[in-house]
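Participant: Below is the file entry01.cif, with mmCIF, C-alpha atoms and all ligand atoms.
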data_entry
loop_
_atom_site.label_atom_id
_atom_site.label_comp_id
_atom_site.auth_asym_id
_atom_site.auth_seq_id
_atom_site.Cartn_x
_atom_site.Cartn_y
_atom_site.Cartn_z
CA MET A 1 0.00 0.00 0.00
CA ALA A 2 1.29 3.42 -0.95
CA GLU A 3 2.24 5.51 1.98
CA SER A 4 -0.08 8.48 2.30
CA ARG A 5 1.40 11.71 3.42
CA ALA A 6 -0.92 13.98 5.28
CA SER A 7 -0.18 17.67 5.05
CA PRO A 8 1.00 19.06 8.35
CA PRO A 9 -1.53 20.94 10.44
CA THR A 10 -1.46 24.59 9.44
CA SER A 11 -0.35 25.63 12.90
CA HIS A 12 3.01 23.89 12.17
CA ILE A 13 3.70 25.82 8.98
CA PRO A 14 6.10 28.60 9.88
CA HIS A 15 4.46 31.91 9.08
CA PRO A 16 6.87 34.50 7.83
CA VAL A 17 6.93 37.31 10.36
CA THR A 18 6.66 40.66 8.68
CA LYS A 19 9.24 43.29 9.60
CA GLY A 20 8.12 46.72 10.73
CA VAL A 21 9.63 49.58 8.72
CA ALA A 22 9.61 53.18 9.94
CA VAL A 23 9.74 55.45 6.90
CA LEU A 24 11.15 58.84 7.86
CA GLY A 25 10.60 61.44 5.16
CA SER A 26 7.76 59.38 3.66
CA THR A 27 6.40 62.23 1.52
CA GLY A 28 9.65 62.79 -0.37
CA SER A 29 11.12 61.20 -3.48
CA ILE A 30 12.77 58.26 -1.67
CA GLY A 31 9.94 58.03 0.88
CA THR A 32 7.24 57.58 -1.77
CA THR A 33 9.47 55.15 -3.67
CA ALA A 34 9.88 53.15 -0.46
CA LEU A 35 6.13 53.02 0.16
CA ARG A 36 5.60 51.68 -3.38
CA VAL A 37 8.21 48.98 -2.77
CA LEU A 38 6.78 48.07 0.66
CA ALA A 39 3.23 47.85 -0.74
CA ARG A 40 4.42 45.14 -3.16
CA HIS A 41 5.78 42.97 -0.35
CA PRO A 42 3.11 42.76 2.34
CA SER A 43 4.13 39.23 3.32
CA ARG A 44 7.55 40.51 4.39
CA PHE A 45 7.09 44.09 5.57
CA HIS A 46 4.58 46.38 7.16
CA VAL A 47 4.82 50.12 7.77
CA ALA A 48 5.49 50.78 11.45
CA ALA A 49 5.75 54.58 11.23
CA LEU A 50 5.59 57.48 8.80
CA THR A 51 7.00 60.96 9.27
CA SER A 52 7.23 64.10 7.20
CA ASN A 53 8.31 67.70 7.62
CA SER A 54 5.08 69.24 6.31
CA ASN A 55 2.60 68.14 3.60
CA ALA A 56 0.05 66.84 6.13
CA LYS A 57 -2.36 66.04 3.30
CA LEU A 58 -0.12 63.47 1.60
CA LEU A 59 0.97 62.14 5.00
CA ALA A 60 -2.68 61.53 5.94
CA GLU A 61 -3.27 59.66 2.66
CA GLN A 62 -0.20 57.53 3.30
CA ALA A 63 -1.29 56.89 6.88
CA SER A 64 -4.67 55.59 5.81
CA ALA A 65 -3.24 53.50 2.93
CA THR A 66 -0.58 51.83 5.10
CA ARG A 67 -2.46 51.86 8.44
CA ALA A 68 0.77 53.01 10.06
CA PRO A 69 0.38 52.86 13.85
CA PHE A 70 2.64 55.93 14.31
CA VAL A 71 2.47 59.15 12.28
CA GLY A 72 4.77 62.09 12.95
CA LEU A 73 4.66 65.59 11.51
CA VAL A 74 7.47 68.05 12.22
CA LYS A 75 5.81 71.32 11.09
CA ASP A 76 2.37 72.82 10.40
CA GLY A 77 0.48 70.51 12.74
CA ARG A 78 -2.91 72.31 12.71
CA ASP A 79 -6.10 70.38 11.94
CA VAL A 80 -4.40 66.97 11.98
CA PRO A 81 -5.59 63.82 13.73
CA GLY A 82 -5.16 63.97 17.50
CA ASP A 83 -3.05 60.80 17.69
CA TRP A 84 -0.29 62.17 15.44
CA CYS A 85 3.04 63.02 17.06
CA LEU A 86 3.91 66.66 16.34
CA GLY A 87 7.20 68.56 16.34
CA PRO A 88 10.88 67.81 15.62
CA ASP A 89 11.00 65.03 18.26
CA ALA A 90 8.69 62.92 16.04
CA LEU A 91 11.68 61.63 14.05
CA VAL A 92 13.55 60.23 17.06
CA GLN A 93 10.33 58.79 18.48
CA ALA A 94 9.55 57.02 15.21
CA ALA A 95 13.13 55.74 14.96
CA SER A 96 12.99 54.35 18.51
CA LEU A 97 9.66 52.47 18.30
CA PRO A 98 9.99 48.85 19.43
CA GLY A 99 7.85 47.82 16.43
CA ALA A 100 10.26 49.41 13.95
CA ASP A 101 12.76 46.68 13.02
CA ILE A 102 14.15 48.77 10.17
CA VAL A 103 14.36 52.56 10.06
CA LEU A 104 14.41 53.85 6.50
CA ASN A 105 15.82 57.33 6.88
CA ALA A 106 14.79 59.33 3.79
CA VAL A 107 14.90 62.75 5.45
CA VAL A 108 16.94 65.35 3.60
CA GLY A 109 19.81 67.08 5.38
CA ALA A 110 21.41 67.10 8.82
CA ALA A 111 17.88 67.12 10.32
CA GLY A 112 17.97 63.32 9.98
CA LEU A 113 21.00 62.87 12.23
CA ASP A 114 19.42 62.27 15.64
CA ALA A 115 16.95 59.73 14.25
CA THR A 116 19.78 57.71 12.71
CA LEU A 117 21.74 57.80 15.96
CA ALA A 118 18.66 56.81 18.00
CA ALA A 119 17.91 53.84 15.73
CA LEU A 120 21.51 52.64 15.77
CA ARG A 121 21.70 53.01 19.56
CA ALA A 122 18.56 50.85 19.77
CA GLY A 123 20.40 48.17 17.73
CA LYS A 124 18.24 48.55 14.64
CA ARG A 125 18.99 48.37 10.94
CA VAL A 126 19.05 51.82 9.37
CA ALA A 127 18.33 51.76 5.64
CA LEU A 128 20.11 55.05 5.01
CA ALA A 129 19.20 57.40 2.19
CA ASN A 130 19.99 60.40 4.42
CA LYS A 131 23.69 60.49 3.49
CA GLU A 132 24.11 63.80 5.36
CA THR A 133 23.99 61.74 8.59
CA LEU A 134 27.29 60.04 7.76
CA VAL A 135 28.87 63.22 6.48
CA VAL A 136 28.05 65.23 9.59
CA ALA A 137 28.75 62.50 12.13
CA GLY A 138 30.28 59.45 10.46
CA THR A 139 32.37 58.47 13.47
CA LEU A 140 29.48 58.89 15.94
CA ALA A 141 27.14 56.87 13.73
CA THR A 142 29.52 54.01 13.00
CA THR A 143 30.56 53.85 16.67
CA ALA A 144 26.89 53.79 17.78
CA ALA A 145 26.22 50.95 15.33
CA ARG A 146 29.22 48.94 16.55
CA GLN A 147 28.47 49.42 20.22
CA ALA A 148 24.74 48.66 20.12
CA GLY A 149 24.65 46.04 17.33
CA GLY A 150 22.84 48.29 14.87
CA GLU A 151 23.75 48.36 11.19
CA ILE A 152 23.77 50.94 8.42
CA ILE A 153 22.69 49.63 5.02
CA PRO A 154 22.97 52.25 2.28
CA VAL A 155 20.08 53.21 0.03
CA ASP A 156 22.24 55.50 -2.10
CA SER A 157 22.55 53.65 -5.43
CA GLU A 158 26.37 53.91 -5.57
CA HIS A 159 26.85 52.49 -2.08
CA SER A 160 24.23 49.83 -2.62
CA ALA A 161 26.20 48.84 -5.73
CA ILE A 162 29.43 48.65 -3.74
CA LEU A 163 27.81 46.62 -0.96
CA GLN A 164 26.49 44.19 -3.57
CA CYS A 165 29.90 43.93 -5.29
CA LEU A 166 31.69 43.37 -1.96
CA ALA A 167 29.26 40.59 -1.02
CA GLY A 168 30.90 40.11 2.35
CA ARG A 169 34.48 40.01 1.08
CA PRO A 170 36.99 41.40 3.59
CA ARG A 171 38.27 44.96 3.33
CA ALA A 172 41.80 43.59 2.81
CA HIS A 173 40.69 42.29 -0.62
CA VAL A 174 39.74 45.78 -1.80
CA ARG A 175 42.16 48.02 -3.66
CA ARG A 176 39.76 50.81 -4.62
CA LEU A 177 36.15 51.91 -4.90
CA ILE A 178 35.12 53.69 -8.10
CA LEU A 179 31.97 55.77 -7.57
CA THR A 180 30.14 56.72 -10.73
CA ALA A 181 28.62 60.18 -11.20
CA SER A 182 26.15 61.08 -13.95
CA GLY A 183 27.87 64.46 -14.23
CA GLY A 184 24.51 66.18 -13.80
CA PRO A 185 22.93 68.69 -16.19
CA PHE A 186 26.13 70.73 -16.54
CA ARG A 187 28.50 67.90 -17.49
CA ASP A 188 29.47 69.55 -20.77
CA TRP A 189 29.01 73.21 -19.79
CA ASN A 190 32.15 75.35 -19.74
CA ARG A 191 33.09 77.65 -16.87
CA GLN A 192 31.62 80.74 -18.48
CA GLN A 193 28.28 78.98 -19.10
CA LEU A 194 28.24 77.78 -15.48
CA GLU A 195 28.42 81.42 -14.30
CA HIS A 196 25.01 81.93 -15.91
CA ALA A 197 23.35 78.64 -14.96
CA THR A 198 19.81 79.18 -13.69
CA LEU A 199 17.79 77.28 -11.11
CA ALA A 200 15.67 75.75 -13.90
CA ASP A 201 18.88 74.54 -15.62
CA ALA A 202 20.16 73.02 -12.38
CA LEU A 203 16.89 71.19 -11.70
CA ARG A 204 16.93 69.47 -15.11
CA HIS A 205 18.76 66.28 -14.12
CA PRO A 206 19.45 64.05 -17.13
CA THR A 207 18.97 60.59 -15.56
CA TRP A 208 17.42 60.75 -12.05
CA LYS A 209 14.19 62.29 -10.73
CA MET A 210 14.88 63.30 -7.14
CA GLY A 211 14.15 65.92 -4.46
CA ARG A 212 15.27 69.49 -5.21
CA LYS A 213 18.19 69.63 -2.79
CA ILE A 214 19.93 66.47 -4.06
CA THR A 215 19.19 67.53 -7.65
CA VAL A 216 21.12 70.77 -7.11
CA ASP A 217 23.84 68.79 -5.28
CA SER A 218 24.14 66.60 -8.37
CA ALA A 219 24.59 69.68 -10.55
CA THR A 220 27.41 71.12 -8.38
CA LEU A 221 28.87 67.61 -7.71
CA ALA A 222 28.59 68.37 -3.97
CA ASN A 223 26.48 65.21 -3.96
CA LYS A 224 29.47 63.19 -5.09
CA ALA A 225 31.59 64.70 -2.31
CA LEU A 226 28.91 63.70 0.20
CA GLU A 227 29.01 60.21 -1.32
CA VAL A 228 32.81 59.90 -1.10
CA ILE A 229 32.60 60.74 2.61
CA GLU A 230 29.65 58.36 2.99
CA ALA A 231 31.69 55.57 1.33
CA HIS A 232 34.67 56.28 3.59
CA PHE A 233 32.57 55.66 6.69
CA LEU A 234 30.40 52.83 5.35
CA PHE A 235 33.23 50.73 3.99
CA ASP A 236 36.02 51.89 6.32
CA LEU A 237 38.41 52.76 3.48
CA PRO A 238 40.87 55.68 3.22
CA TYR A 239 40.06 58.59 0.89
CA ASP A 240 42.97 57.58 -1.37
CA ALA A 241 41.09 54.35 -2.11
CA ILE A 242 37.91 56.10 -3.30
CA ASP A 243 37.78 57.48 -6.84
CA VAL A 244 35.03 59.14 -8.87
CA VAL A 245 34.40 58.71 -12.60
CA VAL A 246 31.73 60.38 -14.72
CA HIS A 247 29.32 57.94 -16.37
CA PRO A 248 26.52 59.89 -18.06
CA GLN A 249 24.13 56.96 -18.60
CA SER A 250 23.82 56.06 -14.87
CA ILE A 251 23.74 52.33 -15.70
CA VAL A 252 26.93 51.27 -13.91
CA HIS A 253 26.04 52.26 -10.35
CA SER A 254 29.61 51.88 -9.05
CA MET A 255 32.58 49.50 -9.10
CA VAL A 256 34.96 47.77 -6.72
CA GLU A 257 38.54 47.04 -7.76
CA PHE A 258 40.07 44.15 -5.81
CA VAL A 259 43.75 43.72 -4.92
CA ASP A 260 44.31 41.23 -7.77
CA GLY A 261 43.09 43.82 -10.31
CA SER A 262 39.65 42.28 -10.85
CA VAL A 263 36.84 44.86 -11.04
CA LEU A 264 33.20 44.11 -10.20
CA ALA A 265 30.40 46.50 -11.14
CA GLN A 266 26.70 46.50 -10.35
CA VAL A 267 24.53 47.61 -13.26
CA GLY A 268 20.89 48.28 -14.02
CA VAL A 269 18.53 50.98 -15.23
CA PRO A 270 18.45 54.05 -12.98
CA SER A 271 15.68 53.36 -10.45
CA MET A 272 15.85 53.80 -6.69
CA GLU A 273 13.40 50.93 -6.19
CA LEU A 274 16.14 48.30 -6.28
CA PRO A 275 18.52 49.97 -3.80
CA VAL A 276 15.56 50.64 -1.48
CA LEU A 277 14.45 47.00 -1.66
CA TYR A 278 18.00 45.70 -1.24
CA ALA A 279 18.55 47.84 1.86
CA LEU A 280 15.51 46.11 3.37
CA THR A 281 16.43 42.54 2.39
CA HIS A 282 20.28 42.55 2.48
CA PRO A 283 21.99 40.08 2.40
CA ASP A 284 18.97 38.24 0.98
CA ARG A 285 17.36 38.89 -2.35
CA ILE A 286 13.67 38.49 -3.02
CA GLU A 287 11.58 38.26 -6.20
CA GLU A 288 10.75 41.70 -7.58
CA PRO A 289 8.71 41.38 -10.77
CA ALA A 290 8.19 45.15 -10.96
CA ILE A 291 11.81 45.68 -12.00
CA PRO A 292 11.96 44.77 -15.71
CA PRO A 293 14.68 42.53 -17.16
CA PHE A 294 17.88 44.40 -18.00
CA ASP A 295 18.54 44.91 -21.72
CA PRO A 296 22.25 45.68 -22.22
CA VAL A 297 21.72 46.57 -25.87
CA ALA A 298 19.04 49.15 -25.03
CA ALA A 299 21.36 50.57 -22.36
CA SER A 300 24.27 50.94 -24.81
CA PRO A 301 26.61 52.65 -25.26
CA LEU A 302 28.16 53.01 -21.80
CA THR A 303 30.77 55.75 -21.59
CA PHE A 304 33.11 57.09 -18.89
CA GLU A 305 34.88 60.44 -18.48
CA ARG A 306 37.27 62.07 -16.00
CA VAL A 307 35.69 64.50 -13.53
CA ARG A 308 36.40 68.19 -14.31
CA LEU A 309 37.43 69.02 -10.76
CA ASP A 310 38.44 72.62 -11.52
CA ASP A 311 35.01 73.44 -12.97
CA PHE A 312 33.06 71.71 -10.19
CA PRO A 313 35.00 72.81 -7.07
CA ALA A 314 32.42 71.50 -4.59
CA LEU A 315 33.63 67.94 -5.13
CA ARG A 316 37.25 68.73 -4.27
CA LEU A 317 36.22 70.92 -1.32
CA GLY A 318 34.08 68.14 0.12
CA VAL A 319 36.70 65.44 -0.23
CA GLU A 320 39.31 67.74 1.34
CA ALA A 321 36.90 68.37 4.22
CA GLY A 322 36.54 64.61 4.59
CA ARG A 323 40.32 64.21 4.77
CA THR A 324 40.58 67.06 7.31
CA GLY A 325 38.03 65.38 9.56
CA GLY A 326 36.88 66.93 12.84
CA ALA A 327 33.98 69.27 12.13
CA ALA A 328 35.10 70.02 8.54
CA PRO A 329 32.65 67.58 6.86
CA ALA A 330 29.81 69.00 9.01
CA VAL A 331 30.82 72.54 7.97
CA PHE A 332 30.96 71.45 4.31
CA ASN A 333 27.50 69.90 4.58
CA ALA A 334 25.86 72.76 6.48
CA ALA A 335 27.35 75.46 4.22
CA ASN A 336 26.13 73.50 1.23
CA GLU A 337 22.64 73.00 2.71
CA ARG A 338 22.30 76.70 3.46
CA ALA A 339 23.72 77.80 0.09
CA VAL A 340 21.45 75.41 -1.81
CA ALA A 341 18.42 76.69 0.12
CA LEU A 342 19.39 80.25 -0.86
CA PHE A 343 19.96 79.19 -4.47
CA LEU A 344 16.50 77.54 -4.50
CA ASP A 345 15.10 80.87 -3.23
CA GLY A 346 16.85 82.77 -6.02
CA ALA A 347 19.12 84.59 -3.55
CA LEU A 348 22.46 83.52 -5.04
CA SER A 349 23.92 82.19 -8.26
CA PHE A 350 24.90 78.62 -9.09
CA VAL A 351 28.65 79.23 -8.77
CA ASP A 352 28.08 81.05 -5.46
CA ILE A 353 27.25 77.68 -3.88
CA ALA A 354 30.86 76.49 -4.10
CA ARG A 355 32.13 79.96 -3.11
CA ALA A 356 29.99 79.81 0.03
CA ILE A 357 31.27 76.35 0.91
CA SER A 358 34.88 77.39 0.37
CA SER A 359 34.50 80.49 2.53
CA ALA A 360 32.81 78.56 5.36
CA LEU A 361 35.53 75.91 5.31
CA ASP A 362 38.29 78.56 5.36
CA ARG A 363 36.72 80.16 8.42
CA LEU A 364 35.33 77.18 10.32
CA GLY A 365 36.92 74.01 8.91
CA GLY A 366 39.27 73.66 11.87
CA LEU A 367 36.54 73.47 14.50
CA PRO A 368 36.48 70.40 16.75
CA GLY A 369 33.96 67.69 15.93
CA GLY A 370 34.36 64.98 18.54
CA THR A 371 30.88 65.17 20.00
CA ARG A 372 27.34 65.67 18.71
CA GLU A 373 27.25 69.08 20.43
CA GLU A 374 30.50 70.23 18.75
CA LEU A 375 29.24 69.03 15.37
CA LEU A 376 25.91 70.80 15.77
CA ALA A 377 27.69 74.00 16.85
CA ALA A 378 29.88 73.83 13.72
CA ASP A 379 26.79 73.13 11.61
CA ALA A 380 25.01 76.20 13.01
CA ALA A 381 28.09 78.42 12.61
CA ALA A 382 28.47 77.39 8.97
CA ARG A 383 24.80 78.14 8.23
CA ASP A 384 25.14 81.59 9.87
CA HIS A 385 28.34 82.26 7.95
CA VAL A 386 26.67 81.57 4.59
CA SER A 387 23.54 83.54 5.51
CA LEU A 388 25.72 86.58 6.39
CA MET A 389 27.70 86.29 3.15
CA PHE A 390 24.57 86.83 1.07
CA LYS A 391 22.60 89.19 3.30
P1 LIG B 401 12.83 65.07 -0.76
O1 LIG B 401 13.03 66.52 -0.58
O2 LIG B 401 12.04 64.60 -1.93
O3 LIG B 401 12.13 64.47 0.56
C1 LIG B 401 12.61 64.75 1.83
C2 LIG B 401 11.70 64.20 2.91
O4 LIG B 401 12.23 64.56 4.18
C3 LIG B 401 10.27 64.72 2.86
O5 LIG B 401 9.38 63.71 3.28
C4 LIG B 401 10.27 65.85 3.89
O6 LIG B 401 8.99 66.05 4.49
C5 LIG B 401 11.27 65.33 4.91
N1 LIG B 401 11.99 66.42 5.57
C6 LIG B 401 12.62 67.47 4.99
N2 LIG B 401 13.17 68.28 5.91
C7 LIG B 401 12.87 67.73 7.11
C8 LIG B 401 13.13 68.13 8.45
N3 LIG B 401 13.81 69.23 8.72
N4 LIG B 401 12.68 67.33 9.43
C9 LIG B 401 11.99 66.20 9.15
N5 LIG B 401 11.71 65.78 7.91
C10 LIG B 401 12.14 66.55 6.90
O7 LIG B 401 14.28 64.41 -0.75
P2 LIG B 401 14.75 63.03 -1.43
O8 LIG B 401 15.17 63.29 -2.80
O9 LIG B 401 13.76 61.95 -1.16
O10 LIG B 401 16.08 62.74 -0.60
C11 LIG B 401 16.05 62.25 0.73
C12 LIG B 401 17.46 61.80 1.12
O11 LIG B 401 17.82 60.70 0.28
C13 LIG B 401 18.53 62.87 0.92
O12 LIG B 401 19.51 62.74 1.92
C14 LIG B 401 19.13 62.52 -0.44
O13 LIG B 401 20.46 62.96 -0.55
C15 LIG B 401 19.03 61.00 -0.39
N6 LIG B 401 19.00 60.34 -1.70
C16 LIG B 401 17.98 60.62 -2.55
C17 LIG B 401 17.93 59.99 -3.80
C18 LIG B 401 16.77 60.22 -4.74
O14 LIG B 401 16.67 59.56 -5.77
N7 LIG B 401 15.84 61.12 -4.43
C19 LIG B 401 18.95 59.11 -4.18
C20 LIG B 401 19.99 58.86 -3.29
C21 LIG B 401 19.99 59.48 -2.05
MG MG B 402 23.82 58.51 -5.18
#
Would you mind writing the structure in this file as structure tokens?
Ligand code: NAD
Ligand code: MG
Facilitator:
Amino acid sequence: MAESRASPPTSHIPHPVTKGVAVLGSTGSIGTTALRVLARHPSRFHVAALTSNSNAKLLAEQASATRAPFVGLVKDGRDVPGDWCLGPDALVQAASLPGADIVLNAVVGAAGLDATLAALRAGKRVALANKETLVVAGTLATTAARQAGGEIIPVDSEHSAILQCLAGRPRAHVRRLILTASGGPFRDWNRQQLEHATLADALRHPTWKMGRKITVDSATLANKALEVIEAHFLFDLPYDAIDVVVHPQSIVHSMVEFVDGSVLAQVGVPSMELPVLYALTHPDRIEEPAIPPFDPVAASPLTFERVRLDDFPALRLGVEAGRTGGAAPAVFNAANERAVALFLDGALSFVDIARAISSALDRLGGLPGGTREELLAADAAARDHVSLMFK
């Protein structure tokens, strides 16, 4: 007689436990991308918290669509549901919730710092889009992660690419990281043209659709400086081992050169959905039918160029600030944030952004940056310095 195999009682089938994800900056470019990705994987993830700076209307729509148990709004908290958490403390509260296994930090700027630190100190995974965190306080963040068992998994496409190429290989195997840069809208503009670049020109990014601040950062190449510093802290490599190459098609997301000369690259069409998903699942990979198959012929040709450092001084200034250490990266970041805000308001010209950064670093780059308080003091001084320059 054939042996009959009864199916096990359902109570014995292991149910996958869904992970709670706190999405900080949920109304932004990365935040909305993340909510799309999360909505496709309800058997693995649920939204544990949502926060935004303003835009209460979109936040309310997101809250009802995701049934997030925690909703935080930093500004403009009139006429909002009574159970929302209001004010700047909402970020840290969301990042510290016991039900948030992963904190996806998609806030823009140094405003995201305390939430990252709180999540890492609580031993959580931080899926980090908010690169400014690592630029302002790379040592504090990596130390907090080490001490409390938290981890920082990058969402930035270049760093996601590097993490995927490294695939757990030891640092001693790595000779060099090669970060790719699209070159932004001004890749082939000469210095004289750059003097007359308008806000509309700067916001016309050729390959990525992103928030306004990072779009301007991509035009000045300050974004690539932030990313070099981010890579230094994430992968614990010296600045001499981190290079930048211009790759206008944004298909090769970055490369790792190993000590034997072998080079691995991670490639794909420019979409933040994959790096967001990978930051949630790393080191696993899960089925994602929404990302279409890669067609290398359609993506051709792939080209590479040297960076024009003299025409895009923000990149060199940022990397030098990284090498200087102390509060210099925080000064670089804050001066850039303030100058970009003024540029977005029409109060200064495109080339003034790098001038502002340079002036702030000359004046304040030597400040100490050993503690959060020292870093925040340097950040505030740099913002004041730039505001005064253009008053
Ligand atoms: P965005 O401007 O579209 O969104 C920013 C989000 O942060 C919004 O939800 C906003 O409400 C919130 N926010 C802004 N200021 C805040 C404050 N002071 N306090 C609390 N919340 C605040 O920006 P984005 O393009 O999504 O970028 C977010 C971060 O991700 C940035 O650090 C950026 O450099 C990084 N990043 C973005 C992309 C991209 O494709 N957009 C790619 C790589 C990295
Ligand atoms: Mg990037």
Participant: Which residue gives the smallest distance to ligand MG 402 (chain B) among A:Ala100, A:Val297, A:Ile214, A:Val307, with all atoms listed in the file counted?
Facilitator: A:Ile214
Participant: Would you work out the distance separating atom C21 of ligand LIG 401 (chain B) from CA of Val259 in chain A, expressed in Å to one decimal?
Facilitator: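 These atoms are spaced 28.7 Å apart.
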Participant: 9 Å from ligand MG 402 (chain B) is the threshold here; counting all atoms listed in the file, which polymer residues fall inside it? Answer as a PyMOL selection string.
Facilitator: chain A and resi 129+131+155-159+179-181+214+218+223-224+227+253
Participant: Based on the selection just made, write C-alpha atoms of those residues as a JSON list (two decimals), in the frame of the given file.
Facilitator:
[["chain", "number", "residue", "atom", "x", "y", "z"],
["A", 129, "ALA", "CA", 19.20, 57.40, 2.19],
["A", 131, "LYS", "CA", 23.69, 60.49, 3.49],
["A", 155, "VAL", "CA", 20.08, 53.21, 0.03],
["A", 156, "ASP", "CA", 22.24, 55.50, -2.10],
["A", 157, "SER", "CA", 22.55, 53.65, -5.43],
["A", 158, "GLU", "CA", 26.37, 53.91, -5.57],
["A", 159, "HIS", "CA", 26.85, 52.49, -2.08],
["A", 179, "LEU", "CA", 31.97, 55.77, -7.57],
["A", 180, "THR", "CA", 30.14, 56.72, -10.73],
["A", 181, "ALA", "CA", 28.62, 60.18, -11.20],
["A", 214, "ILE", "CA", 19.93, 66.47, -4.06],
["A", 218, "SER", "CA", 24.14, 66.60, -8.37],
["A", 223, "ASN", "CA", 26.48, 65.21, -3.96],
["A", 224, "LYS", "CA", 29.47, 63.19, -5.09],
["A", 227, "GLU", "CA", 29.01, 60.21, -1.32],
["A", 253, "HIS", "CA", 26.04, 52.26, -10.35]]
Participant: Could you list, as JSON, numbers by chain, all protein and nucleic acid residues with an atom at most 8 Å from ligand LIG 401 (chain B), counting all atoms listed in the file?
Facilitator: {"A": [24, 25, 26, 27, 28, 29, 30, 31, 32, 51, 52, 53, 54, 55, 73, 74, 88, 91, 105, 106, 107, 108, 109, 110, 111, 112, 128, 129, 130, 131, 132, 155, 156, 157, 208, 209, 210, 211, 212, 213, 214, 215, 223, 271, 272]}
Participant: Take CA of Ala222 in chain A and CA of Phe312 in chain A and report the distance between them in Å, one decimal.
Facilitator: 8.4 Å
Participant: Set out as JSON lines a contact list for range 137-244 of chain A and range 317-331 of chain A with a cut-off of 9 Å, giving each residue of range 137-244 of chain A that qualifies its closest atom pair and distance in Å to one decimal, counting only C-alpha atoms, ordered by chain and rising residue number.
Facilitator:
{"residue": "A:Ala137", "atom": "CA", "partner": "A:Ala330", "partner_atom": "CA", "distance": 7.3}
{"residue": "A:Ala222", "atom": "CA", "partner": "A:Gly318", "partner_atom": "CA", "distance": 6.8}
{"residue": "A:Lys224", "atom": "CA", "partner": "A:Gly318", "partner_atom": "CA", "distance": 8.5}
{"residue": "A:Ala225", "atom": "CA", "partner": "A:Gly318", "partner_atom": "CA", "distance": 4.9}
{"residue": "A:Leu226", "atom": "CA", "partner": "A:Gly318", "partner_atom": "CA", "distance": 6.8}
{"residue": "A:Val228", "atom": "CA", "partner": "A:Val319", "partner_atom": "CA", "distance": 6.8}
{"residue": "A:Ile229", "atom": "CA", "partner": "A:Gly322", "partner_atom": "CA", "distance": 5.9}
{"residue": "A:His232", "atom": "CA", "partner": "A:Gly322", "partner_atom": "CA", "distance": 8.6}
{"residue": "A:Pro238", "atom": "CA", "partner": "A:Arg323", "partner_atom": "CA", "distance": 8.7}
{"residue": "A:Tyr239", "atom": "CA", "partner": "A:Arg323", "partner_atom": "CA", "distance": 6.8}
Participant: Mind writing the picked residues with C-alpha atoms as a PDB file, in the coordinates of the input?
Facilitator:
ATOM      1  CA  ALA A 137      28.750  62.500  12.130  1.00  0.00           C
ATOM      2  CA  ALA A 222      28.590  68.370  -3.970  1.00  0.00           C
ATOM      3  CA  LYS A 224      29.470  63.190  -5.090  1.00  0.00           C
ATOM      4  CA  ALA A 225      31.590  64.700  -2.310  1.00  0.00           C
ATOM      5  CA  LEU A 226      28.910  63.700   0.200  1.00  0.00           C
ATOM      6  CA  VAL A 228      32.810  59.900  -1.100  1.00  0.00           C
ATOM      7  CA  ILE A 229      32.600  60.740   2.610  1.00  0.00           C
ATOM      8  CA  HIS A 232      34.670  56.280   3.590  1.00  0.00           C
ATOM      9  CA  PRO A 238      40.870  55.680   3.220  1.00  0.00           C
ATOM     10  CA  TYR A 239      40.060  58.590   0.890  1.00  0.00           C
TER      11      TYR A 239
END
Participant: What is the CA of Ala334 in chain A to CA of Leu134 in chain A distance in Å?
Facilitator: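 Separation between CA of Ala334 in chain A and CA of Leu134 in chain A: 12.9 Å.
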Participant: Using only C-alpha atoms, can you tell me which of A:Ala34, A:Pro206, A:Ala49, A:Leu342 comes closest to Gly20 in chain A?
Facilitator: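 Among A:Ala34, A:Pro206, A:Ala49, A:Leu342, it is A:Ala49 that comes nearest to Gly20 in chain A.
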Participant: Return the single residue from A:Asp384, A:Glu257, A:Val216, A:Ala354 that is closest to Ile242 in chain A, with distances computed using only C-alpha atoms.
Facilitator: A:Glu257
Participant: So, with all atoms listed in the file as the atoms that count, which of A:Ile251, A:Leu199, A:Thr281, A:His205 lies closest to Val21 in chain A?
Facilitator: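 Among the listed residues, the smallest separation from Val21 in chain A belongs to A:Thr281.
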Participant: Which one of A:Gln62, A:Thr220, A:Thr198, A:Gln164 sits closest to Ala265 in chain A if you count only C-alpha atoms?
Facilitator: A:Gln164
Participant: Could you tell me which of A:Ala68, A:Leu264, A:Val135, A:Ala200 comes closest to Ile162 in chain A if we count only C-alpha atoms?
Facilitator: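 With only C-alpha atoms as the atom set, the closest residue is A:Leu264.
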Participant: Write out as JSON, numbers by chain each polymer residue whose atoms come within 10 Å of Arg363 in chain A, counting only C-alpha atoms; drop sequence neighbours fewer than 2 positions from it.
Facilitator: {"A": [331, 358, 359, 360, 361, 365, 366, 367, 381, 382, 385]}
Participant: Around all the atoms of range 122-138 of chain A listed in the file, with 5 Å of room on each side, what axis-aligned box do you get, giving centre and edge lengths in Å to one decimal, as JSON?
Facilitator:
{"center_x": 24.3, "center_y": 56.7, "center_z": 11.0, "size_x": 22.0, "size_y": 27.1, "size_z": 27.6}
Participant: Excluding Gly149 in chain A and its own-chain neighbours fewer than 2 positions away, which residues fall within 12 Å of it when counting all atoms listed in the file? Please give them as an NGL selection string.
Facilitator: :A and (119-126 or 141-147 or 151-152)
Participant: Could you give me, as a list in words, the residues that sit within 6 Å of (30.2, 62.1, 15.9) in the file's coordinates, counting all atoms listed in the file?
Facilitator: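 Neighbouring residues, ordered by chain and number, come to Ala137, Thr139, Leu140, Gly370, Thr371 and Arg372 of chain A.
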